[in-house]
>>> print(open('upload36.tsv').read())   # TSV, C-alpha atoms and all ligand atoms
chain	number	residue	atom	x	y	z
A	1	MET	CA	-174.61	-60.29	-40.29
A	2	LYS	CA	-173.47	-56.67	-40.14
A	3	VAL	CA	-174.73	-54.32	-37.43
A	4	THR	CA	-174.05	-50.59	-37.41
A	5	VAL	CA	-173.41	-48.99	-34.03
A	6	THR	CA	-173.92	-45.39	-32.89
A	7	LYS	CA	-171.08	-42.85	-32.89
A	8	LYS	CA	-170.83	-43.07	-29.11
A	9	ALA	CA	-170.65	-46.86	-29.19
A	10	GLU	CA	-168.00	-46.69	-31.93
A	11	LYS	CA	-165.72	-44.85	-29.54
A	12	LYS	CA	-166.31	-47.45	-26.82
A	13	LEU	CA	-165.65	-50.38	-29.13
A	14	ARG	CA	-162.47	-48.76	-30.45
A	15	GLN	CA	-161.24	-48.49	-26.84
A	16	GLY	CA	-161.88	-52.18	-26.22
A	17	VAL	CA	-165.19	-52.26	-24.34
A	18	PRO	CA	-166.56	-55.78	-24.97
A	19	LEU	CA	-170.22	-55.38	-23.91
A	20	ILE	CA	-172.87	-54.20	-26.37
A	21	GLN	CA	-175.71	-52.25	-24.72
A	22	LYS	CA	-179.21	-51.75	-26.08
A	23	GLU	CA	-178.58	-48.08	-26.83
A	24	ASP	CA	-175.44	-48.88	-28.87
A	25	ILE	CA	-177.42	-50.00	-31.90
A	26	GLU	CA	-180.45	-48.53	-33.59
A	27	GLU	CA	-182.56	-51.62	-33.79
A	28	THR	CA	-182.03	-54.80	-31.81
A	29	ILE	CA	-182.46	-57.91	-33.91
A	30	PHE	CA	-181.52	-61.12	-32.13
A	31	SER	CA	-180.16	-63.69	-34.50
A	32	ASN	CA	-177.91	-66.69	-33.99
A	33	ASP	CA	-175.48	-65.44	-36.65
A	34	TRP	CA	-172.11	-64.03	-35.72
A	35	VAL	CA	-172.12	-60.26	-36.08
A	36	ILE	CA	-169.65	-57.80	-37.58
A	37	PHE	CA	-170.08	-54.54	-35.70
A	38	GLN	CA	-169.38	-51.55	-37.91
A	39	SER	CA	-169.22	-47.78	-37.71
A	40	GLN	CA	-171.59	-45.39	-39.47
A	41	ARG	CA	-168.90	-45.17	-42.17
A	42	ASN	CA	-168.97	-48.96	-42.55
A	43	GLU	CA	-165.59	-49.54	-40.90
A	44	GLU	CA	-165.32	-52.86	-39.11
A	45	LEU	CA	-164.97	-52.42	-35.32
A	46	GLY	CA	-165.18	-55.94	-33.99
A	47	ARG	CA	-166.84	-59.34	-34.29
A	48	GLY	CA	-169.14	-61.06	-31.84
A	49	TYR	CA	-172.84	-61.65	-31.32
A	50	LEU	CA	-176.12	-60.32	-29.95
A	51	GLY	CA	-178.08	-62.29	-27.37
A	52	LYS	CA	-180.68	-61.88	-24.64
A	53	GLN	CA	-178.99	-61.92	-21.25
A	54	ASN	CA	-178.96	-60.28	-17.84
A	55	LYS	CA	-176.48	-57.56	-18.65
A	56	GLY	CA	-176.31	-55.79	-22.03
A	57	ILE	CA	-177.39	-57.39	-25.29
A	58	GLY	CA	-174.24	-58.92	-26.70
A	59	TRP	CA	-170.47	-59.24	-26.75
A	60	VAL	CA	-167.56	-58.36	-28.98
A	61	LEU	CA	-165.31	-61.43	-29.05
A	62	THR	CA	-162.49	-60.07	-31.20
A	63	ARG	CA	-161.31	-56.91	-32.88
A	64	GLU	CA	-159.36	-58.89	-35.45
A	65	LYS	CA	-160.75	-59.57	-38.91
A	66	ARG	CA	-160.93	-63.34	-38.56
A	67	PRO	CA	-163.78	-65.83	-38.70
A	68	ILE	CA	-165.42	-66.93	-35.46
A	69	ASP	CA	-165.22	-70.70	-35.86
A	70	GLU	CA	-163.92	-73.82	-34.12
A	71	ASP	CA	-160.31	-72.76	-34.61
A	72	PHE	CA	-161.08	-69.35	-33.09
A	73	PHE	CA	-162.56	-70.97	-29.97
A	74	ALA	CA	-159.74	-73.52	-29.67
A	75	LYS	CA	-157.20	-70.67	-29.63
A	76	THR	CA	-159.24	-68.79	-27.02
A	77	PHE	CA	-159.32	-71.91	-24.81
A	78	LEU	CA	-155.61	-72.60	-25.23
A	79	HIS	CA	-154.81	-69.03	-24.28
A	80	ALA	CA	-157.00	-69.28	-21.16
A	81	LYS	CA	-155.23	-72.56	-20.28
A	82	MET	CA	-151.80	-71.00	-20.66
A	83	LYS	CA	-152.76	-68.12	-18.36
A	84	ARG	CA	-153.64	-70.65	-15.63
A	85	GLU	CA	-150.48	-72.75	-15.73
A	86	SER	CA	-149.69	-71.99	-12.09
A	87	PHE	CA	-153.11	-73.30	-11.02
A	88	PHE	CA	-152.64	-76.57	-12.90
A	89	SER	CA	-149.26	-77.15	-11.31
A	90	CYS	CA	-150.47	-76.53	-7.73
A	91	SER	CA	-151.35	-79.75	-5.89
A	92	GLU	CA	-152.93	-77.94	-2.91
A	93	THR	CA	-155.73	-76.42	-5.01
A	94	THR	CA	-157.64	-78.55	-7.50
A	95	ALA	CA	-160.62	-76.32	-8.39
A	96	PHE	CA	-160.52	-72.96	-10.15
A	97	ARG	CA	-162.01	-71.00	-13.03
A	98	LEU	CA	-160.72	-72.02	-16.46
A	99	LEU	CA	-162.41	-69.33	-18.49
A	100	ASN	CA	-164.06	-66.18	-17.15
A	101	GLY	CA	-166.28	-64.79	-19.91
A	102	GLU	CA	-165.20	-61.39	-21.23
A	103	GLY	CA	-162.05	-61.50	-19.06
A	104	ASP	CA	-160.90	-64.30	-21.37
A	105	ALA	CA	-162.39	-62.72	-24.51
A	106	LEU	CA	-165.46	-64.94	-24.50
A	107	GLY	CA	-168.34	-62.97	-22.97
A	108	GLY	CA	-171.37	-65.13	-22.21
A	109	LEU	CA	-169.59	-68.29	-21.06
A	110	THR	CA	-167.68	-69.37	-17.96
A	111	ILE	CA	-165.95	-72.71	-17.41
A	112	ASP	CA	-164.81	-74.06	-14.04
A	113	TRP	CA	-162.33	-76.86	-13.37
A	114	TYR	CA	-163.12	-79.31	-10.57
A	115	ASP	CA	-160.25	-81.77	-10.29
A	116	GLY	CA	-160.40	-83.04	-13.86
A	117	TYR	CA	-164.11	-82.37	-14.43
A	118	VAL	CA	-165.49	-79.15	-15.90
A	119	VAL	CA	-168.68	-77.10	-15.58
A	120	PHE	CA	-169.82	-74.84	-18.42
A	121	SER	CA	-172.20	-71.97	-17.56
A	122	TRP	CA	-174.02	-70.40	-20.50
A	123	TYR	CA	-175.43	-66.89	-20.07
A	124	ASN	CA	-177.37	-66.48	-23.33
A	125	GLU	CA	-179.00	-68.58	-26.00
A	126	THR	CA	-177.06	-67.20	-28.96
A	127	LEU	CA	-173.73	-68.55	-27.75
A	128	TYR	CA	-175.48	-71.74	-26.63
A	129	HIS	CA	-176.76	-72.19	-30.18
A	130	HIS	CA	-173.09	-72.67	-31.19
A	131	ASN	CA	-172.39	-75.14	-28.39
A	132	GLU	CA	-171.31	-78.02	-30.64
A	133	GLU	CA	-168.57	-75.98	-32.27
A	134	ILE	CA	-167.52	-74.58	-28.89
A	135	LEU	CA	-167.44	-78.00	-27.21
A	136	ALA	CA	-165.43	-79.50	-30.08
A	137	ALA	CA	-162.90	-76.68	-29.74
A	138	PHE	CA	-162.82	-77.17	-25.97
A	139	GLN	CA	-162.06	-80.87	-26.34
A	140	THR	CA	-159.16	-80.04	-28.67
A	141	ALA	CA	-157.71	-77.65	-26.09
A	142	PHE	CA	-158.50	-79.83	-23.04
A	143	PRO	CA	-158.31	-83.52	-24.09
A	144	GLU	CA	-157.46	-84.45	-20.48
A	145	VAL	CA	-160.91	-83.53	-19.11
A	146	LYS	CA	-162.60	-86.59	-17.56
A	147	GLY	CA	-166.17	-85.36	-17.82
A	148	ALA	CA	-168.22	-82.21	-18.39
A	149	TYR	CA	-171.46	-80.67	-17.12
A	150	GLU	CA	-173.39	-77.57	-18.11
A	151	LYS	CA	-175.59	-74.97	-16.41
A	152	ILE	CA	-178.16	-72.93	-18.32
A	153	ARG	CA	-178.17	-69.40	-16.92
A	154	PHE	CA	-180.62	-67.79	-19.35
A	155	ALA	CA	-184.41	-67.99	-19.55
A	156	SER	CA	-185.15	-71.30	-21.26
A	157	LYS	CA	-187.14	-74.53	-21.09
A	158	LEU	CA	-183.90	-76.54	-20.95
A	159	GLU	CA	-182.88	-78.37	-17.76
A	160	GLU	CA	-180.79	-75.95	-15.70
A	161	SER	CA	-178.09	-78.57	-15.07
A	162	ARG	CA	-176.99	-81.61	-17.04
A	163	HIS	CA	-174.13	-83.98	-17.78
A	164	LEU	CA	-172.53	-83.22	-21.16
A	165	TYR	CA	-169.91	-85.82	-21.96
A	166	GLY	CA	-167.34	-88.20	-20.50
A	167	GLN	CA	-167.43	-89.75	-17.05
A	168	ARG	CA	-169.83	-88.61	-14.36
A	169	ALA	CA	-168.14	-87.11	-11.33
A	170	PRO	CA	-168.51	-88.87	-7.95
A	171	GLU	CA	-171.10	-87.33	-5.60
A	172	PRO	CA	-169.72	-85.63	-3.72
A	173	LEU	CA	-166.62	-84.81	-5.71
A	174	LEU	CA	-163.97	-83.88	-3.13
A	175	ILE	CA	-161.80	-81.01	-4.31
A	176	LYS	CA	-158.90	-79.36	-2.51
A	177	GLU	CA	-158.23	-75.69	-1.97
A	178	ASN	CA	-155.16	-74.53	-0.08
A	179	GLY	CA	-155.01	-78.06	1.29
A	180	ILE	CA	-158.58	-78.00	2.69
A	181	THR	CA	-161.18	-80.43	1.34
A	182	TYR	CA	-164.52	-79.22	-0.01
A	183	ALA	CA	-167.44	-81.41	-1.10
A	184	THR	CA	-168.93	-80.46	-4.47
A	185	TYR	CA	-171.89	-81.70	-6.50
A	186	LEU	CA	-171.55	-80.92	-10.18
A	187	ASP	CA	-175.08	-81.89	-11.23
A	188	ASP	CA	-177.32	-80.45	-8.53
A	189	GLY	CA	-179.00	-77.26	-9.79
A	190	LEU	CA	-177.00	-74.18	-10.74
A	191	MET	CA	-174.66	-74.20	-7.74
A	192	THR	CA	-171.99	-76.76	-6.89
A	193	GLY	CA	-171.51	-76.34	-3.13
A	194	ILE	CA	-168.60	-73.92	-3.34
A	195	PHE	CA	-168.13	-70.41	-4.72
A	196	LEU	CA	-164.69	-70.59	-6.28
A	197	ASP	CA	-164.31	-66.80	-6.39
A	198	GLN	CA	-163.96	-66.70	-2.57
A	199	ARG	CA	-160.77	-68.82	-2.53
A	200	GLU	CA	-158.51	-66.07	-1.20
A	201	VAL	CA	-160.99	-65.16	1.52
A	202	ARG	CA	-161.16	-68.80	2.66
A	203	GLY	CA	-157.36	-68.86	2.50
A	204	LYS	CA	-157.20	-65.85	4.80
A	205	LEU	CA	-159.74	-67.38	7.24
A	206	ALA	CA	-157.63	-70.54	7.39
A	207	SER	CA	-154.36	-68.64	7.86
A	208	GLY	CA	-154.36	-68.66	11.67
A	209	PHE	CA	-155.52	-65.20	12.81
A	210	LEU	CA	-158.78	-66.77	14.09
A	211	GLN	CA	-156.96	-69.22	16.39
A	212	GLY	CA	-159.13	-69.93	19.44
A	213	LYS	CA	-161.91	-67.58	18.31
A	214	SER	CA	-165.69	-68.01	17.94
A	215	ILE	CA	-167.12	-67.44	14.45
A	216	LEU	CA	-170.60	-66.54	13.25
A	217	ASN	CA	-171.05	-67.27	9.54
A	218	MET	CA	-174.24	-65.67	8.23
A	219	PHE	CA	-175.76	-66.81	4.90
A	220	SER	CA	-173.47	-69.79	5.28
A	221	TYR	CA	-174.76	-71.96	2.34
A	222	THR	CA	-172.61	-75.13	2.68
A	223	GLY	CA	-170.48	-73.67	5.48
A	224	ALA	CA	-167.29	-73.28	3.43
A	225	PHE	CA	-166.20	-70.17	5.39
A	226	SER	CA	-166.87	-71.98	8.69
A	227	VAL	CA	-164.75	-74.94	7.61
A	228	ALA	CA	-161.88	-72.66	6.53
A	229	ALA	CA	-162.03	-70.82	9.89
A	230	ALA	CA	-162.15	-74.10	11.84
A	231	LYS	CA	-159.13	-75.35	9.87
A	232	GLY	CA	-157.44	-72.09	10.82
A	233	GLY	CA	-157.86	-72.95	14.50
A	234	ALA	CA	-161.19	-71.30	15.36
A	235	LYS	CA	-162.54	-72.70	18.64
A	236	GLU	CA	-166.14	-72.95	17.45
A	237	THR	CA	-168.26	-71.95	14.48
A	238	THR	CA	-171.93	-71.10	14.04
A	239	SER	CA	-173.38	-71.32	10.53
A	240	VAL	CA	-176.77	-69.79	9.73
A	241	ASP	CA	-178.68	-70.27	6.48
A	242	LEU	CA	-182.35	-70.33	5.55
A	243	ALA	CA	-182.08	-73.26	3.16
A	244	ASN	CA	-182.79	-76.76	4.51
A	245	ARG	CA	-180.03	-78.31	2.40
A	246	SER	CA	-177.43	-76.22	4.23
A	247	LEU	CA	-177.60	-78.40	7.37
A	248	GLU	CA	-176.55	-81.66	5.76
A	249	ARG	CA	-174.04	-80.03	3.43
A	250	THR	CA	-172.38	-78.08	6.21
A	251	ARG	CA	-172.10	-81.20	8.38
A	252	GLU	CA	-170.58	-83.07	5.48
A	253	HIS	CA	-168.03	-80.29	4.97
A	254	PHE	CA	-166.75	-80.66	8.53
A	255	GLN	CA	-166.75	-84.44	8.29
A	256	VAL	CA	-164.64	-84.60	5.13
A	257	ASN	CA	-162.07	-82.48	6.97
A	258	ASP	CA	-162.12	-84.62	10.15
A	259	LEU	CA	-163.31	-81.66	12.22
A	260	PRO	CA	-165.38	-82.62	15.28
A	261	LEU	CA	-169.04	-81.61	14.92
A	262	LYS	CA	-169.40	-80.91	18.65
A	263	ASP	CA	-167.80	-77.46	18.22
A	264	GLN	CA	-169.90	-76.55	15.19
A	265	HIS	CA	-173.40	-75.14	15.44
A	266	ILE	CA	-175.58	-75.15	12.36
A	267	TYR	CA	-178.93	-73.35	12.23
A	268	VAL	CA	-181.47	-73.46	9.41
A	269	MET	CA	-182.84	-70.03	10.18
A	270	ASP	CA	-183.38	-66.51	8.87
A	271	THR	CA	-180.35	-64.31	9.53
A	272	PHE	CA	-182.41	-61.53	11.13
A	273	ASP	CA	-184.11	-64.01	13.47
A	274	TYR	CA	-180.72	-65.37	14.51
A	275	PHE	CA	-179.48	-61.84	15.30
A	276	LYS	CA	-182.46	-61.37	17.62
A	277	TYR	CA	-181.84	-64.74	19.28
A	278	ALA	CA	-178.12	-64.10	19.86
A	279	LYS	CA	-178.78	-60.64	21.24
A	280	ARG	CA	-181.43	-61.95	23.64
A	281	LYS	CA	-179.12	-64.74	24.82
A	282	GLU	CA	-176.16	-62.34	24.95
A	283	ILE	CA	-173.99	-64.52	22.78
A	284	PHE	CA	-170.97	-62.62	21.47
A	285	TYR	CA	-168.70	-63.59	18.58
A	286	ASP	CA	-165.04	-62.85	17.86
A	287	CYS	CA	-165.67	-62.87	14.13
A	288	ILE	CA	-168.86	-62.33	12.13
A	289	ILE	CA	-168.98	-63.06	8.40
A	290	LEU	CA	-171.73	-61.52	6.27
A	291	ASP	CA	-172.13	-62.79	2.71
A	292	PRO	CA	-175.76	-62.31	1.66
A	293	PRO	CA	-177.16	-62.83	-1.84
A	294	SER	CA	-177.53	-59.52	-3.74
A	295	PHE	CA	-181.25	-59.93	-3.52
A	296	ALA	CA	-183.24	-62.12	-1.12
A	297	ARG	CA	-186.84	-62.49	-0.16
A	298	ASN	CA	-188.18	-64.31	2.88
A	299	LYS	CA	-191.73	-64.53	4.21
A	300	LYS	CA	-191.54	-61.12	5.80
A	301	ARG	CA	-189.43	-58.87	3.61
A	302	VAL	CA	-187.20	-58.17	0.64
A	303	PHE	CA	-183.49	-57.63	1.20
A	304	THR	CA	-181.18	-55.94	-1.30
A	305	VAL	CA	-177.50	-55.39	-0.71
A	306	ALA	CA	-177.63	-51.91	-2.23
A	307	LYS	CA	-180.26	-50.79	0.32
A	308	ASN	CA	-180.08	-53.01	3.38
A	309	TYR	CA	-176.45	-53.98	4.01
A	310	GLY	CA	-176.16	-51.35	6.73
A	311	GLU	CA	-178.83	-53.15	8.77
A	312	LEU	CA	-176.79	-56.35	8.73
A	313	ILE	CA	-173.77	-54.43	9.99
A	314	GLU	CA	-175.77	-52.74	12.75
A	315	GLN	CA	-177.17	-56.06	13.95
A	316	SER	CA	-173.69	-57.60	13.88
A	317	LEU	CA	-172.14	-54.81	15.96
A	318	ALA	CA	-174.54	-55.61	18.81
A	319	ILE	CA	-173.00	-59.09	19.20
A	320	LEU	CA	-169.37	-58.49	18.16
A	321	SER	CA	-166.72	-58.94	20.89
A	322	SER	CA	-164.12	-56.35	21.68
A	323	LYS	CA	-161.25	-56.67	19.11
A	324	GLY	CA	-163.68	-58.76	17.06
A	325	TRP	CA	-163.52	-59.13	13.27
A	326	LEU	CA	-166.31	-58.16	10.92
A	327	ILE	CA	-166.07	-59.55	7.40
A	328	ALA	CA	-168.40	-57.88	4.91
A	329	SER	CA	-168.76	-59.52	1.52
A	330	THR	CA	-170.92	-58.84	-1.51
A	331	ASN	CA	-171.03	-59.98	-5.12
A	332	ALA	CA	-173.43	-57.21	-6.20
A	333	ALA	CA	-171.97	-55.90	-9.49
A	334	ASN	CA	-174.15	-52.77	-9.32
A	335	LEU	CA	-172.64	-51.66	-6.01
A	336	PRO	CA	-169.16	-50.14	-6.42
A	337	LEU	CA	-166.58	-50.64	-3.66
A	338	ASP	CA	-166.70	-47.01	-2.43
A	339	LYS	CA	-170.50	-47.09	-2.03
A	340	PHE	CA	-170.34	-50.45	-0.26
A	341	GLU	CA	-167.68	-49.13	2.10
A	342	LYS	CA	-169.69	-46.01	2.79
A	343	GLN	CA	-172.77	-48.00	3.69
A	344	ILE	CA	-170.74	-50.13	6.12
A	345	GLU	CA	-168.92	-47.23	7.72
A	346	GLN	CA	-172.14	-45.25	8.13
A	347	ALA	CA	-173.50	-48.14	10.19
A	348	PHE	CA	-170.36	-47.99	12.39
A	349	LEU	CA	-170.96	-44.28	12.95
A	350	LYS	CA	-174.64	-44.78	13.67
A	351	LYS	CA	-173.80	-47.35	16.34
A	352	GLY	CA	-170.88	-45.31	17.69
A	353	VAL	CA	-168.48	-48.22	17.31
A	354	GLN	CA	-164.92	-47.98	15.98
A	355	LEU	CA	-163.55	-50.48	13.52
A	356	LYS	CA	-160.44	-50.36	11.38
A	357	LYS	CA	-160.31	-51.71	7.83
A	358	GLN	CA	-157.58	-54.36	7.73
A	359	SER	CA	-157.83	-55.93	4.28
A	360	VAL	CA	-159.83	-55.91	1.07
A	361	PHE	CA	-160.27	-58.85	-1.29
A	362	SER	CA	-161.62	-58.92	-4.83
A	363	LEU	CA	-161.60	-61.60	-7.52
A	364	PRO	CA	-158.64	-63.99	-7.67
A	365	ALA	CA	-156.48	-64.14	-10.81
A	366	ASP	CA	-158.30	-67.09	-12.41
A	367	PHE	CA	-161.45	-64.92	-12.48
A	368	ALA	CA	-159.82	-62.84	-15.20
A	369	THR	CA	-161.33	-59.42	-15.85
A	370	THR	CA	-160.74	-56.68	-18.40
A	371	LYS	CA	-160.24	-53.04	-17.47
A	372	PHE	CA	-162.69	-52.17	-20.23
A	373	PHE	CA	-165.49	-53.85	-18.30
A	374	PRO	CA	-165.09	-52.81	-14.65
A	375	GLU	CA	-168.50	-54.25	-13.68
A	376	GLY	CA	-166.86	-57.65	-14.17
A	377	GLU	CA	-164.94	-57.02	-10.91
A	378	TYR	CA	-168.06	-57.76	-8.87
A	379	LEU	CA	-166.60	-59.29	-5.69
A	380	LYS	CA	-165.81	-57.07	-2.70
A	381	VAL	CA	-164.80	-58.48	0.68
A	382	LEU	CA	-163.72	-56.15	3.49
A	383	PHE	CA	-162.10	-57.26	6.76
A	384	TYR	CA	-162.65	-54.88	9.66
A	385	GLN	CA	-161.41	-55.19	13.23
A	386	ARG	CA	-163.05	-53.57	16.23
A	387	ILE	CA	-160.65	-51.21	17.98
A	388	ASP	CA	-162.78	-49.71	20.78
A	401	LIG	N1	-171.21	-67.47	2.11
A	401	LIG	C1	-171.52	-68.62	1.29
A	401	LIG	C2	-172.39	-68.31	0.11
A	401	LIG	C3	-173.69	-67.63	0.44
A	401	LIG	S1	-174.87	-67.82	-0.83
A	401	LIG	C4	-170.22	-69.26	0.80
A	401	LIG	O1	-169.19	-68.60	0.74
A	401	LIG	O2	-170.24	-70.45	0.48
A	401	LIG	C5	-176.25	-67.06	-0.08
A	401	LIG	C6	-176.99	-67.94	0.91
A	401	LIG	O3	-177.87	-67.09	1.60
A	401	LIG	C7	-177.85	-69.03	0.31
A	401	LIG	O4	-177.39	-70.28	0.78
A	401	LIG	C8	-179.27	-68.74	0.82
A	401	LIG	O5	-179.97	-69.90	1.20
A	401	LIG	C9	-178.99	-67.87	2.01
A	401	LIG	N2	-180.06	-66.95	2.43
A	401	LIG	C10	-180.82	-66.15	1.65
A	401	LIG	N3	-181.63	-65.38	2.43
A	401	LIG	C11	-181.37	-65.71	3.71
A	401	LIG	C12	-181.86	-65.25	4.97
A	401	LIG	N4	-182.80	-64.31	5.03
A	401	LIG	N5	-181.34	-65.79	6.10
A	401	LIG	C13	-180.40	-66.76	6.03
A	401	LIG	N6	-179.90	-67.22	4.88
A	401	LIG	C14	-180.37	-66.71	3.72
>>> encode(input="upload36.tsv", output="structure tokens", more="lines below")
Ligand code: SAH
Amino acid sequence: MKVTVTKKAEKKLRQGVPLIQKEDIEETIFSNDWVIFQSQRNEELGRGYLGKQNKGIGWVLTREKRPIDEDFFAKTFLHAKMKRESFFSCSETTAFRLLNGEGDALGGLTIDWYDGYVVFSWYNETLYHHNEEILAAFQTAFPEVKGAYEKIRFASKLEESRHLYGQRAPEPLLIKENGITYATYLDDGLMTGIFLDQREVRGKLASGFLQGKSILNMFSYTGAFSVAAAKGGAKETTSVDLANRSLERTREHFQVNDLPLKDQHIYVMDTFDYFKYAKRKEIFYDCIILDPPSFARNKKRVFTVAKNYGELIEQSLAILSSKGWLIASTNAANLPLDKFEKQIEQAFLKKGVQLKKQSVFSLPADFATTKFFPEGEYLKVLFYQRID
């Protein structure tokens, strides 16, 4: 199928921008066919597809004049594998991203490696329609994979998680990261128990600067940050998450690392309620980690990172020890780093507290990105230290 793009979009595609937006083409027709994108003068600009998804309406997969077929995908997978040689040869880390969508020239699909097992995440139905061809190519490039699962991340009647082929992974599947053990579940909803993009942040927490300190981990999910901090010598950790499952999963995370549970507090609770409780009880922390979802709703209110992050910072400052660390994280792609920083630093000003920015983390190398799609660099994690 040939699709003509606007003059403005032509310029973008010639530069290397991989995402097709609604306004780039005159009429959106979703079809499962591969698309040749062409200029108003019928010059070929790139090949890819159109599909309904969260961001944009399609992807350019290549600017070369070659068919998109099994061989094409096998080459893409082999290239992604080659780029990650250092990850495969590292025995201290056994889980990482194998293929990161447009960052590996395959917008609409991500694949994660969990110690010999893999998890495919599909972001639109068009690419999913070609799954047989894609899986066959994947098996050519990765014959060593023991078993595969998939997650459906587009609106559909399909099960959101299922086993695809090969052996089923143990439950939990224990993976290693910088020598620390994490418990993962590859077939339990869309999430696996660990966010692999935070590896470097966990590495930093485990590195020793939190020796003897008390940690408050807000929006703790399975407590991965708490475990990393405890492994790094933290005296005690407090993990707070609204979801019931977080209690058992967090306990399990400490247990698989032989860390005594007596120094770990786990609360199934709303973050804002916990702030009130800690303030009333005058409990102070040497390190507070904030990693909320971009958008959250509880019984009382709606929280969005773009609007409400400052409130989280303000609440944290009330219970942060002198010389304490504040770690502010977000994965909101629509909030650029400078705006995020501004929101945080405005809260410092408002509370009259001085903190110094000590480090900034973004995506690790296995989460490959392209400079032609800066929104792909969604992760921002800032480490601040109180200096007043
Ligand atoms: N920091 C975690 C990931 C956090 S995911 C990690 O690195 O592993 C976001 C978590 O926020 C989810 O587990 C969700 O249950 C929790 N959550 C959402 N709204 C909340 C609220 N109001 N209070 C506490 N937890 C909340």
>>> closest_residue(input="upload36.tsv", among="A:Arg97, A:Lys81, A:Lys146, A:Arg202", to="ligand LIG 401 (chain A)", atoms="only C-alpha atoms and all ligand atoms")
A:Arg202
>>> residues_around(input="upload36.tsv", residues="region 43-55 of chain A", least_positions_apart="5", cutoff="6 Å", atoms="all atoms listed in the file", output="PyMOL selection string")
chain A and resi 30+34-38+60-63+124+126
>>> closest_residue(input="upload36.tsv", among="A:Glu236, A:Glu92, A:Asp286, A:Glu375", to="Lys176 (chain A)", atoms="only C-alpha atoms")
A:Glu92
>>> closest_residue(input="upload36.tsv", among="A:Ala347, A:Ala332, A:Ala368, A:Ala141", to="ligand LIG 401 (chain A)", atoms="only C-alpha atoms and all ligand atoms")
A:Ala332
>>> atom_distance(input="upload36.tsv", atom1="CA of Gln211 (chain A)", atom2="CA of Lys357 (chain A)")
19.8 Å
>>> build_atoms(input="upload36.tsv", residues="region 189-199 of chain A", atoms="N, CA, C and O atoms", output="JSON list (two decimals), in the frame of the given file")
[["chain", "number", "residue", "atom", "x", "y", "z"],
["A", 189, "GLY", "N", -178.58, -78.64, -9.60],
["A", 189, "GLY", "CA", -179.00, -77.26, -9.79],
["A", 189, "GLY", "C", -177.87, -76.41, -10.33],
["A", 189, "GLY", "O", -176.88, -76.92, -10.87],
["A", 190, "LEU", "N", -177.99, -75.10, -10.15],
["A", 190, "LEU", "CA", -177.00, -74.18, -10.74],
["A", 190, "LEU", "C", -175.73, -74.08, -9.92],
["A", 190, "LEU", "O", -174.68, -73.72, -10.43],
["A", 191, "MET", "N", -175.82, -74.40, -8.61],
["A", 191, "MET", "CA", -174.66, -74.20, -7.74],
["A", 191, "MET", "C", -174.01, -75.54, -7.41],
["A", 191, "MET", "O", -174.65, -76.58, -7.47],
["A", 192, "THR", "N", -172.74, -75.51, -7.06],
["A", 192, "THR", "CA", -171.99, -76.76, -6.89],
["A", 192, "THR", "C", -171.62, -77.06, -5.44],
["A", 192, "THR", "O", -171.05, -78.11, -5.17],
["A", 193, "GLY", "N", -171.90, -76.12, -4.53],
["A", 193, "GLY", "CA", -171.51, -76.34, -3.13],
["A", 193, "GLY", "C", -170.36, -75.44, -2.72],
["A", 193, "GLY", "O", -170.08, -75.30, -1.53],
["A", 194, "ILE", "N", -169.68, -74.85, -3.69],
["A", 194, "ILE", "CA", -168.60, -73.92, -3.34],
["A", 194, "ILE", "C", -168.57, -72.77, -4.34],
["A", 194, "ILE", "O", -168.83, -72.97, -5.53],
["A", 195, "PHE", "N", -168.30, -71.57, -3.84],
["A", 195, "PHE", "CA", -168.13, -70.41, -4.72],
["A", 195, "PHE", "C", -166.63, -70.22, -4.90],
["A", 195, "PHE", "O", -165.93, -69.76, -3.99],
["A", 196, "LEU", "N", -166.14, -70.57, -6.07],
["A", 196, "LEU", "CA", -164.69, -70.59, -6.28],
["A", 196, "LEU", "C", -164.07, -69.19, -6.20],
["A", 196, "LEU", "O", -162.88, -69.06, -5.93],
["A", 197, "ASP", "N", -164.88, -68.16, -6.42],
["A", 197, "ASP", "CA", -164.31, -66.80, -6.39],
["A", 197, "ASP", "C", -163.88, -66.35, -4.99],
["A", 197, "ASP", "O", -163.16, -65.37, -4.84],
["A", 198, "GLN", "N", -164.31, -67.07, -3.95],
["A", 198, "GLN", "CA", -163.96, -66.70, -2.57],
["A", 198, "GLN", "C", -162.72, -67.43, -2.07],
["A", 198, "GLN", "O", -162.44, -67.46, -0.86],
["A", 199, "ARG", "N", -161.93, -68.02, -2.95],
["A", 199, "ARG", "CA", -160.77, -68.82, -2.53],
["A", 199, "ARG", "C", -159.82, -68.06, -1.61],
["A", 199, "ARG", "O", -159.39, -68.57, -0.58]]
